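Student: After the structure tokens below, expect a handful of questions from me.
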Amino acid sequence: MSAVVGEHEQFMDGPLSDGLPSFVAAAHELKSPLALIRQLSLMLEDSDINSSEQQRMLRQISLTSERALRLTSDLTRSIRLSDALFTLEPIDPQQLCKGIINDLAPLFDVHNREIKLVSRKHPLLLIANRDLLRRIIINFSDNALRYTESNNAIKINVAQLNSGNVVRLGVRDYGPSLSSDVLKSLATKIMGGTPFAIDARPQSSGLGLYIASQFADRMNGKIGVIRHHDGSTFFVDLQASRQLSLL
Amino acid sequence: MSVQKVLIVEDDEWLVEQYMRVLSSAGYNVVSVSNALSAIQAIDDFQPDAIILDMLLTGSTALALLHELQSYGDTGIIPIILCTNIANEISLKNLRPYGVMQIIDKTKMKPDDLTVALRSVLP
């Protein structure tokens with residue numbers, strides 16, 4: 001198992017992936033959902049399709065639109081990061097993740113996939129901006145949904161690191177494993193100043209991860225990835241809150 | 001005439017559903033896989049008459065699969081229709097030696113384009 005961690009400022013202002021400027025990466029990322037929506041709409045217009053199939057297609061259209069809108073909303077948010085103040089507050093990550101799982105349930109249901117939170121006995125608190133952290137975890141979860149090939153449930157895990165000073169939220173998927181070459185290139189790109197595309201997951205331009213790294217940076221955190229033999233864990237590390245220890 | 005068999009190699013499962021809808025109603029026998037490795041196995045097992053291939057596949061890229069298919073006499077003759085979001089970045093002329101007979105732009109295609117393309121490459 002290997003991991004790489006990156007800091008956003010190391011690849012700020014650089015091309016997003018393979019020399020692509022950011023707007024090209026964004027356009028590329030939006031092509032897939034828009035092309036699917038278009039196909040489904042054309043099919044609904046022209047064909048005799050039974051009502052249950054129509055309902056399924058309409059559901060797919062609305063969920064695919066939501067995914068595209070999430071991306072545009074994240075992109076807008078990331079561009080305006082420097083203009084806004086972001087309140088950092090103590091957050092219970094377990095509660096936050098439960099809410100996210102609840103919100104993503106319809107999307108996962110339609111894909112016949114499951115996402116669950118690995119439960120913890122002892123509660124943890126971290127310092128973050130609720131909106132930005134939520135966007136990061138949704139981004140990781142959406143990525144996991146798209147690339148998980150097996151029936152294993154995608155798992156969100158909350159853990160303490162660094163003698164309790166850091167809280168890690170990780171989303172474990174069961175997609176194509178990142179090769180050691182890709183992981184090495186990922187590390188080089190992160191450290192060397194260029195955002196990364198995941199070569200084993202070519203539909204991704206790396207835009208989602210780039211945005212997630214910007215959000216993490218705003219909260220003094222870092223994102224990273226751990227390679228497993230049967231998938232990956234994308235994680236965000238954030239500063240732990242001491243509030244619980246004062247009780 | 002026996003039912004013609006089509007293998008879809010595409011990793012977007014809802015797009016696969018859509019292709020299946022179109023091709024099944026047109027009378028084709030359709031099987032789908034989501035990556036290049038599974039495609040090789042499926043080609044052996046299913047012996048398709050044509051392959052509809054996504055260019056940006058999860059795992060190995062479509063190009064690796066095209067190379068692999070050209071390595072064998074029996075698989076090298078299967079007509080391939082490339083269905084991709086990056087149609088404007090690739091050239092049919094360059095891909096013809098790899099068995100690619102048509103390129104369909106996913107961002108412009110109509111549902112019937114798949115059957116039209118299949119009719120043009122299959123006897």
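Labels for the structure tokens follow display order: chains A, B, ..., residues from 1 in each chain, ligands from 1.
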Apply DSSP to the structure's backbone, then extract all residues of stretch 90-160 of chain A labelled alpha helix (DSSP H) and return them as a PyMOL selection string.

Tutor: chain A and resi 93-110+130-147

Student: Residues as selected, N, CA and C atoms, written as an mmCIF file, in the first residue's frame, can you do that?

Tutor:
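Listing of out_11.cif after writing:
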data_model
loop_
_atom_site.group_PDB
_atom_site.id
_atom_site.type_symbol
_atom_site.label_atom_id
_atom_site.label_comp_id
_atom_site.auth_asym_id
_atom_site.auth_seq_id
_atom_site.Cartn_x
_atom_site.Cartn_y
_atom_site.Cartn_z
ATOM 1 N N PRO A 93 -17.108 14.920 12.094
ATOM 2 C CA PRO A 93 -17.054 14.360 10.734
ATOM 3 C C PRO A 93 -18.022 13.210 10.511
ATOM 4 N N GLN A 94 -18.309 12.468 11.606
ATOM 5 C CA GLN A 94 -19.242 11.340 11.456
ATOM 6 C C GLN A 94 -20.635 11.845 11.096
ATOM 7 N N GLN A 95 -21.050 12.902 11.782
ATOM 8 C CA GLN A 95 -22.373 13.470 11.501
ATOM 9 C C GLN A 95 -22.432 14.020 10.072
ATOM 10 N N LEU A 96 -21.361 14.712 9.713
ATOM 11 C CA LEU A 96 -21.299 15.293 8.362
ATOM 12 C C LEU A 96 -21.407 14.191 7.304
ATOM 13 N N CYS A 97 -20.646 13.111 7.523
ATOM 14 C CA CYS A 97 -20.630 12.020 6.532
ATOM 15 C C CYS A 97 -21.978 11.304 6.475
ATOM 16 N N LYS A 98 -22.637 11.189 7.628
ATOM 17 C CA LYS A 98 -23.973 10.562 7.624
ATOM 18 C C LYS A 98 -24.920 11.374 6.737
ATOM 19 N N GLY A 99 -24.836 12.682 6.853
ATOM 20 C CA GLY A 99 -25.677 13.556 6.025
ATOM 21 C C GLY A 99 -25.363 13.388 4.547
ATOM 22 N N ILE A 100 -24.081 13.298 4.236
ATOM 23 C CA ILE A 100 -23.672 13.141 2.829
ATOM 24 C C ILE A 100 -24.197 11.817 2.274
ATOM 25 N N ILE A 101 -24.050 10.756 3.073
ATOM 26 C CA ILE A 101 -24.510 9.433 2.630
ATOM 27 C C ILE A 101 -26.022 9.462 2.372
ATOM 28 N N ASN A 102 -26.717 10.153 3.255
ATOM 29 C CA ASN A 102 -28.160 10.289 3.098
ATOM 30 C C ASN A 102 -28.500 11.008 1.781
ATOM 31 N N ASP A 103 -27.766 12.073 1.512
ATOM 32 C CA ASP A 103 -28.030 12.855 0.298
ATOM 33 C C ASP A 103 -27.659 12.094 -0.972
ATOM 34 N N LEU A 104 -26.614 11.261 -0.878
ATOM 35 C CA LEU A 104 -26.162 10.542 -2.073
ATOM 36 C C LEU A 104 -26.907 9.226 -2.298
ATOM 37 N N ALA A 105 -27.726 8.836 -1.319
ATOM 38 C CA ALA A 105 -28.397 7.529 -1.395
ATOM 39 C C ALA A 105 -29.172 7.331 -2.707
ATOM 40 N N PRO A 106 -29.950 8.325 -3.168
ATOM 41 C CA PRO A 106 -30.695 8.087 -4.418
ATOM 42 C C PRO A 106 -29.778 7.778 -5.597
ATOM 43 N N LEU A 107 -28.645 8.498 -5.679
ATOM 44 C CA LEU A 107 -27.694 8.280 -6.767
ATOM 45 C C LEU A 107 -27.100 6.878 -6.687
ATOM 46 N N PHE A 108 -26.704 6.480 -5.489
ATOM 47 C CA PHE A 108 -26.112 5.155 -5.320
ATOM 48 C C PHE A 108 -27.151 4.056 -5.563
ATOM 49 N N ASP A 109 -28.390 4.299 -5.148
ATOM 50 C CA ASP A 109 -29.458 3.308 -5.354
ATOM 51 C C ASP A 109 -29.659 3.029 -6.842
ATOM 52 N N VAL A 110 -29.693 4.103 -7.628
ATOM 53 C CA VAL A 110 -29.937 3.920 -9.064
ATOM 54 C C VAL A 110 -28.793 3.147 -9.718
ATOM 55 N N ARG A 130 -17.671 23.714 6.882
ATOM 56 C CA ARG A 130 -18.634 22.641 6.632
ATOM 57 C C ARG A 130 -18.920 22.468 5.131
ATOM 58 N N ASP A 131 -19.130 23.582 4.456
ATOM 59 C CA ASP A 131 -19.483 23.512 3.030
ATOM 60 C C ASP A 131 -18.335 22.930 2.197
ATOM 61 N N LEU A 132 -17.118 23.412 2.461
ATOM 62 C CA LEU A 132 -15.977 22.941 1.659
ATOM 63 C C LEU A 132 -15.682 21.467 1.933
ATOM 64 N N LEU A 133 -15.750 21.085 3.206
ATOM 65 C CA LEU A 133 -15.470 19.683 3.540
ATOM 66 C C LEU A 133 -16.520 18.764 2.896
ATOM 67 N N ARG A 134 -17.742 19.210 2.944
ATOM 68 C CA ARG A 134 -18.829 18.449 2.335
ATOM 69 C C ARG A 134 -18.571 18.246 0.824
ATOM 70 N N ARG A 135 -18.143 19.307 0.178
ATOM 71 C CA ARG A 135 -17.873 19.222 -1.262
ATOM 72 C C ARG A 135 -16.729 18.234 -1.551
ATOM 73 N N ILE A 136 -15.715 18.245 -0.693
ATOM 74 C CA ILE A 136 -14.586 17.318 -0.896
ATOM 75 C C ILE A 136 -15.066 15.866 -0.792
ATOM 76 N N ILE A 137 -15.830 15.585 0.253
ATOM 77 C CA ILE A 137 -16.255 14.188 0.476
ATOM 78 C C ILE A 137 -17.232 13.739 -0.622
ATOM 79 N N ILE A 138 -18.098 14.643 -1.057
ATOM 80 C CA ILE A 138 -19.016 14.292 -2.156
ATOM 81 C C ILE A 138 -18.216 14.028 -3.425
ATOM 82 N N ASN A 139 -17.195 14.831 -3.653
ATOM 83 C CA ASN A 139 -16.338 14.636 -4.825
ATOM 84 C C ASN A 139 -15.669 13.256 -4.784
ATOM 85 N N PHE A 140 -15.086 12.915 -3.645
ATOM 86 C CA PHE A 140 -14.436 11.603 -3.512
ATOM 87 C C PHE A 140 -15.472 10.479 -3.695
ATOM 88 N N SER A 141 -16.663 10.667 -3.127
ATOM 89 C CA SER A 141 -17.687 9.617 -3.178
ATOM 90 C C SER A 141 -18.189 9.425 -4.607
ATOM 91 N N ASP A 142 -18.376 10.533 -5.299
ATOM 92 C CA ASP A 142 -18.837 10.469 -6.687
ATOM 93 C C ASP A 142 -17.787 9.776 -7.559
ATOM 94 N N ASN A 143 -16.544 10.100 -7.300
ATOM 95 C CA ASN A 143 -15.429 9.464 -8.005
ATOM 96 C C ASN A 143 -15.431 7.947 -7.732
ATOM 97 N N ALA A 144 -15.644 7.587 -6.465
ATOM 98 C CA ALA A 144 -15.661 6.172 -6.083
ATOM 99 C C ALA A 144 -16.823 5.447 -6.759
ATOM 100 N N LEU A 145 -17.962 6.115 -6.836
ATOM 101 C CA LEU A 145 -19.133 5.510 -7.477
ATOM 102 C C LEU A 145 -18.856 5.213 -8.945
ATOM 103 N N ARG A 146 -18.204 6.147 -9.602
ATOM 104 C CA ARG A 146 -17.965 5.996 -11.039
ATOM 105 C C ARG A 146 -16.954 4.909 -11.346
ATOM 106 N N TYR A 147 -16.040 4.662 -10.411
ATOM 107 C CA TYR A 147 -14.956 3.739 -10.739
ATOM 108 C C TYR A 147 -14.995 2.413 -9.988
#

Student: Please return, as a list in words, all residues of stretch 39-68 of chain B that DSSP assigns to strand (DSSP E or B) on the basis of the backbone.

Tutor: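 Listing strand (DSSP E or B) positions across stretch 39-68 of chain B yields Ala50, Ile51, Ile52, Leu53, Asp54 and Thr58 of chain B.
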
Student: Based on the selection just made, write C-alpha atoms of those residues as a short mmCIF file (atom, residue, chain, number, x, y, z; two decimals), in the first residue's frame.

Tutor:
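See again39.cif below for the written result:
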data_model
loop_
_atom_site.label_atom_id
_atom_site.label_comp_id
_atom_site.auth_asym_id
_atom_site.auth_seq_id
_atom_site.Cartn_x
_atom_site.Cartn_y
_atom_site.Cartn_z
CA ALA B 50 -18.57 -5.97 -34.42
CA ILE B 51 -17.25 -4.00 -31.47
CA ILE B 52 -18.41 -0.60 -30.23
CA LEU B 53 -15.49 0.84 -28.32
CA ASP B 54 -15.11 3.86 -26.05
CA THR B 58 -11.01 2.62 -17.47
#

Student: Calculate how many Å separate atom CA of A:Leu69 from atom CA of A:Met219, rounding to one decimal.

Tutor: 23.4 Å

Student: Please compute the atom CA of A:Ile127-atom CA of A:Gly221 distance, one decimal, in Å.

Tutor: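 Computed distance, atom CA of A:Ile127 to atom CA of A:Gly221, equals 9.5 Å.
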
Student: Atom CA of B:Ile90 to atom CA of B:Val16: how many Å, to one decimal?

Tutor: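 Result for atom CA of B:Ile90 versus atom CA of B:Val16: 22.2 Å, one decimal.
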
Student: Using only C-alpha atoms, which chain B residues lie at most 9 Å away from chain A, written as a ChimeraX atom specification?

Tutor: /B:11-15,18,22,34,56-61,85-86,106-111

Student: Include C-alpha atoms and write out the residues we just selected as a CSV table (one decimal), in the first residue's frame.

Tutor:
chain,number,residue,atom,x,y,z
B,11,ASP,CA,-17.3,2.2,-18.8
B,12,ASP,CA,-20.3,4.5,-18.3
B,13,GLU,CA,-22.9,2.1,-17.2
B,14,TRP,CA,-25.9,4.3,-18.1
B,15,LEU,CA,-24.5,4.9,-21.5
B,18,GLN,CA,-28.7,3.3,-23.6
B,22,VAL,CA,-31.1,0.9,-29.1
B,34,SER,CA,-16.4,-2.0,-18.9
B,56,LEU,CA,-11.3,6.7,-22.9
B,57,LEU,CA,-11.6,3.4,-21.1
B,58,THR,CA,-11.0,2.6,-17.5
B,59,GLY,CA,-7.8,0.6,-17.0
B,60,SER,CA,-6.0,0.0,-20.3
B,61,THR,CA,-6.8,2.4,-23.0
B,85,ASN,CA,-16.1,12.3,-26.6
B,86,ILE,CA,-12.8,13.2,-28.3
B,106,LYS,CA,-20.7,11.0,-28.5
B,107,THR,CA,-21.4,14.7,-28.2
B,108,LYS,CA,-23.2,14.9,-31.5
B,109,MET,CA,-24.6,11.4,-32.0
B,110,LYS,CA,-28.3,10.5,-32.3
B,111,PRO,CA,-29.5,7.2,-30.9

Student: Please provide the set of residues having any atom within 12 Å of B:Val121, restricted to only C-alpha atoms, with same-chain residues fewer than 4 positions apart removed, written as a VMD selection string.

Tutor: chain B and resid 4 6 49 to 52 77 to 81 99 to 103 114 to 117

Student: The selected residues should be written to file as a PDB file, in the first residue's frame (atoms: N, CA and C atoms).

Tutor:
ATOM      1  N   GLN B   4     -26.875 -10.991 -35.487  1.00  0.00           N
ATOM      2  CA  GLN B   4     -25.496 -10.479 -35.406  1.00  0.00           C
ATOM      3  C   GLN B   4     -25.157 -10.064 -33.977  1.00  0.00           C
ATOM      4  N   VAL B   6     -22.912  -8.036 -31.136  1.00  0.00           N
ATOM      5  CA  VAL B   6     -22.168  -6.787 -30.955  1.00  0.00           C
ATOM      6  C   VAL B   6     -21.640  -6.715 -29.513  1.00  0.00           C
ATOM      7  N   ASP B  49     -19.514  -9.949 -33.930  1.00  0.00           N
ATOM      8  CA  ASP B  49     -19.357  -9.581 -35.341  1.00  0.00           C
ATOM      9  C   ASP B  49     -18.817  -8.160 -35.462  1.00  0.00           C
ATOM     10  N   ALA B  50     -19.077  -7.346 -34.429  1.00  0.00           N
ATOM     11  CA  ALA B  50     -18.572  -5.967 -34.421  1.00  0.00           C
ATOM     12  C   ALA B  50     -18.379  -5.522 -32.975  1.00  0.00           C
ATOM     13  N   ILE B  51     -17.523  -4.519 -32.824  1.00  0.00           N
ATOM     14  CA  ILE B  51     -17.253  -4.003 -31.471  1.00  0.00           C
ATOM     15  C   ILE B  51     -17.521  -2.500 -31.466  1.00  0.00           C
ATOM     16  N   ILE B  52     -18.241  -2.044 -30.439  1.00  0.00           N
ATOM     17  CA  ILE B  52     -18.409  -0.605 -30.229  1.00  0.00           C
ATOM     18  C   ILE B  52     -17.512  -0.245 -29.042  1.00  0.00           C
ATOM     19  N   ILE B  77      -9.816  -8.891 -37.684  1.00  0.00           N
ATOM     20  CA  ILE B  77     -10.773  -8.590 -38.766  1.00  0.00           C
ATOM     21  C   ILE B  77     -12.136  -8.118 -38.241  1.00  0.00           C
ATOM     22  N   ILE B  78     -12.290  -8.072 -36.934  1.00  0.00           N
ATOM     23  CA  ILE B  78     -13.592  -7.618 -36.388  1.00  0.00           C
ATOM     24  C   ILE B  78     -13.707  -6.102 -36.592  1.00  0.00           C
ATOM     25  N   PRO B  79     -14.761  -5.636 -37.263  1.00  0.00           N
ATOM     26  CA  PRO B  79     -14.901  -4.188 -37.441  1.00  0.00           C
ATOM     27  C   PRO B  79     -15.185  -3.482 -36.112  1.00  0.00           C
ATOM     28  N   ILE B  80     -14.531  -2.352 -35.972  1.00  0.00           N
ATOM     29  CA  ILE B  80     -14.658  -1.603 -34.715  1.00  0.00           C
ATOM     30  C   ILE B  80     -15.243  -0.215 -34.989  1.00  0.00           C
ATOM     31  N   ILE B  81     -16.213   0.139 -34.177  1.00  0.00           N
ATOM     32  CA  ILE B  81     -16.784   1.491 -34.252  1.00  0.00           C
ATOM     33  C   ILE B  81     -16.374   2.205 -32.973  1.00  0.00           C
ATOM     34  N   GLY B  99      -8.346  -1.525 -37.447  1.00  0.00           N
ATOM     35  CA  GLY B  99      -9.682  -2.110 -37.576  1.00  0.00           C
ATOM     36  C   GLY B  99     -10.816  -1.145 -37.296  1.00  0.00           C
ATOM     37  N   VAL B 100     -10.492   0.119 -37.041  1.00  0.00           N
ATOM     38  CA  VAL B 100     -11.555   1.093 -36.762  1.00  0.00           C
ATOM     39  C   VAL B 100     -12.189   1.515 -38.093  1.00  0.00           C
ATOM     40  N   MET B 101     -13.484   1.233 -38.230  1.00  0.00           N
ATOM     41  CA  MET B 101     -14.178   1.512 -39.490  1.00  0.00           C
ATOM     42  C   MET B 101     -14.934   2.836 -39.444  1.00  0.00           C
ATOM     43  N   GLN B 102     -15.348   3.212 -38.246  1.00  0.00           N
ATOM     44  CA  GLN B 102     -16.091   4.468 -38.115  1.00  0.00           C
ATOM     45  C   GLN B 102     -15.793   5.100 -36.755  1.00  0.00           C
ATOM     46  N   ILE B 103     -15.885   6.422 -36.712  1.00  0.00           N
ATOM     47  CA  ILE B 103     -15.777   7.118 -35.428  1.00  0.00           C
ATOM     48  C   ILE B 103     -17.074   7.895 -35.217  1.00  0.00           C
ATOM     49  N   LEU B 114     -25.865   4.525 -34.006  1.00  0.00           N
ATOM     50  CA  LEU B 114     -25.201   3.237 -33.739  1.00  0.00           C
ATOM     51  C   LEU B 114     -25.638   2.176 -34.736  1.00  0.00           C
ATOM     52  N   THR B 115     -26.928   2.084 -34.961  1.00  0.00           N
ATOM     53  CA  THR B 115     -27.419   1.047 -35.878  1.00  0.00           C
ATOM     54  C   THR B 115     -27.020   1.368 -37.324  1.00  0.00           C
ATOM     55  N   VAL B 116     -27.047   2.656 -37.650  1.00  0.00           N
ATOM     56  CA  VAL B 116     -26.614   3.049 -39.007  1.00  0.00           C
ATOM     57  C   VAL B 116     -25.154   2.648 -39.215  1.00  0.00           C
ATOM     58  N   ALA B 117     -24.322   2.917 -38.219  1.00  0.00           N
ATOM     59  CA  ALA B 117     -22.894   2.578 -38.328  1.00  0.00           C
ATOM     60  C   ALA B 117     -22.704   1.063 -38.427  1.00  0.00           C
TER      61      ALA B 117
END

Student: So, with only C-alpha atoms as the atoms that count, which of B:Gly73, B:Glu68, B:Arg119, B:Gln47 lies closest to B:Gly27?

Tutor: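 Going through B:Gly73, B:Glu68, B:Arg119, B:Gln47 one by one, the smallest distance to B:Gly27 is for B:Arg119.
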
Student: Please provide as a compact mmCIF listing (two decimals) with C-alpha atoms, in the first residue's frame all residues within 8 Å of B:Ile43, with the sequence filter that same-chain residues fewer than 5 positions apart are discarded (counting only C-alpha atoms).

Tutor:
# COMPACT_ATOMS: atom_id res chain seq x y z
CA LEU B 7 -19.77 -6.23 -28.07
CA PRO B 48 -18.73 -10.62 -31.75
CA THR B 75 -9.71 -10.72 -33.88

Student: Hey, what's within 7 Å of B:Asp105 if we count only C-alpha atoms and toss same-chain stuff fewer than 6 positions away? As a list in words, please?

Tutor: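 The contact residues come out as Cys83, Thr84, Asn85 and Ala87 of chain B.
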
Student: Any chance you can output those residues with C-alpha atoms as a PDB file, in the first residue's frame?

Tutor:
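New file part-v6.pdb:
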ATOM      1  CA  CYS B  83     -17.625   5.996 -29.860  1.00  0.00           C
ATOM      2  CA  THR B  84     -15.906   8.860 -28.144  1.00  0.00           C
ATOM      3  CA  ASN B  85     -16.064  12.336 -26.633  1.00  0.00           C
ATOM      4  CA  ALA B  87     -13.713  12.507 -31.882  1.00  0.00           C
TER       5      ALA B  87
END

Student: Name all residues at most 12 Å from A:Thr72 (count only C-alpha atoms; drop same-chain ones fewer than 4 positions away) and give them as a list of chain:residue names.

Tutor: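 Answer for this query is A:Phe23, A:Ala25, A:Ala26, A:Ala27, A:Glu29, A:Leu30, A:Pro33, A:Ser65, A:Glu66, A:Arg67, A:Ala68, A:Thr76, A:Arg77, A:Ser78, A:Ile79, A:Arg135, A:Leu207, A:Gly208, A:Ile211.
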
Student: Store the residues picked out above in a file with C-alpha atoms, as a tab-separated table (two decimals), in the first residue's frame.

Tutor:
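Saved result, result15.tsv, follows:
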chain	number	residue	atom	x	y	z
A	23	PHE	CA	-11.26	25.68	-18.83
A	25	ALA	CA	-10.28	20.38	-18.38
A	26	ALA	CA	-13.64	21.66	-17.12
A	27	ALA	CA	-15.17	21.41	-20.58
A	29	GLU	CA	-15.17	16.82	-17.63
A	30	LEU	CA	-18.63	18.13	-18.49
A	33	PRO	CA	-22.67	13.89	-18.43
A	65	SER	CA	-27.65	16.77	-14.42
A	66	GLU	CA	-27.06	17.04	-10.67
A	67	ARG	CA	-23.57	15.60	-11.10
A	68	ALA	CA	-22.75	18.11	-13.83
A	76	THR	CA	-17.31	28.42	-9.38
A	77	ARG	CA	-16.68	28.04	-5.66
A	78	SER	CA	-13.01	27.24	-6.24
A	79	ILE	CA	-12.51	30.26	-8.51
A	135	ARG	CA	-17.87	19.22	-1.26
A	207	LEU	CA	-10.33	18.49	-12.19
A	208	GLY	CA	-12.35	17.17	-9.24
A	211	ILE	CA	-10.77	21.48	-6.80
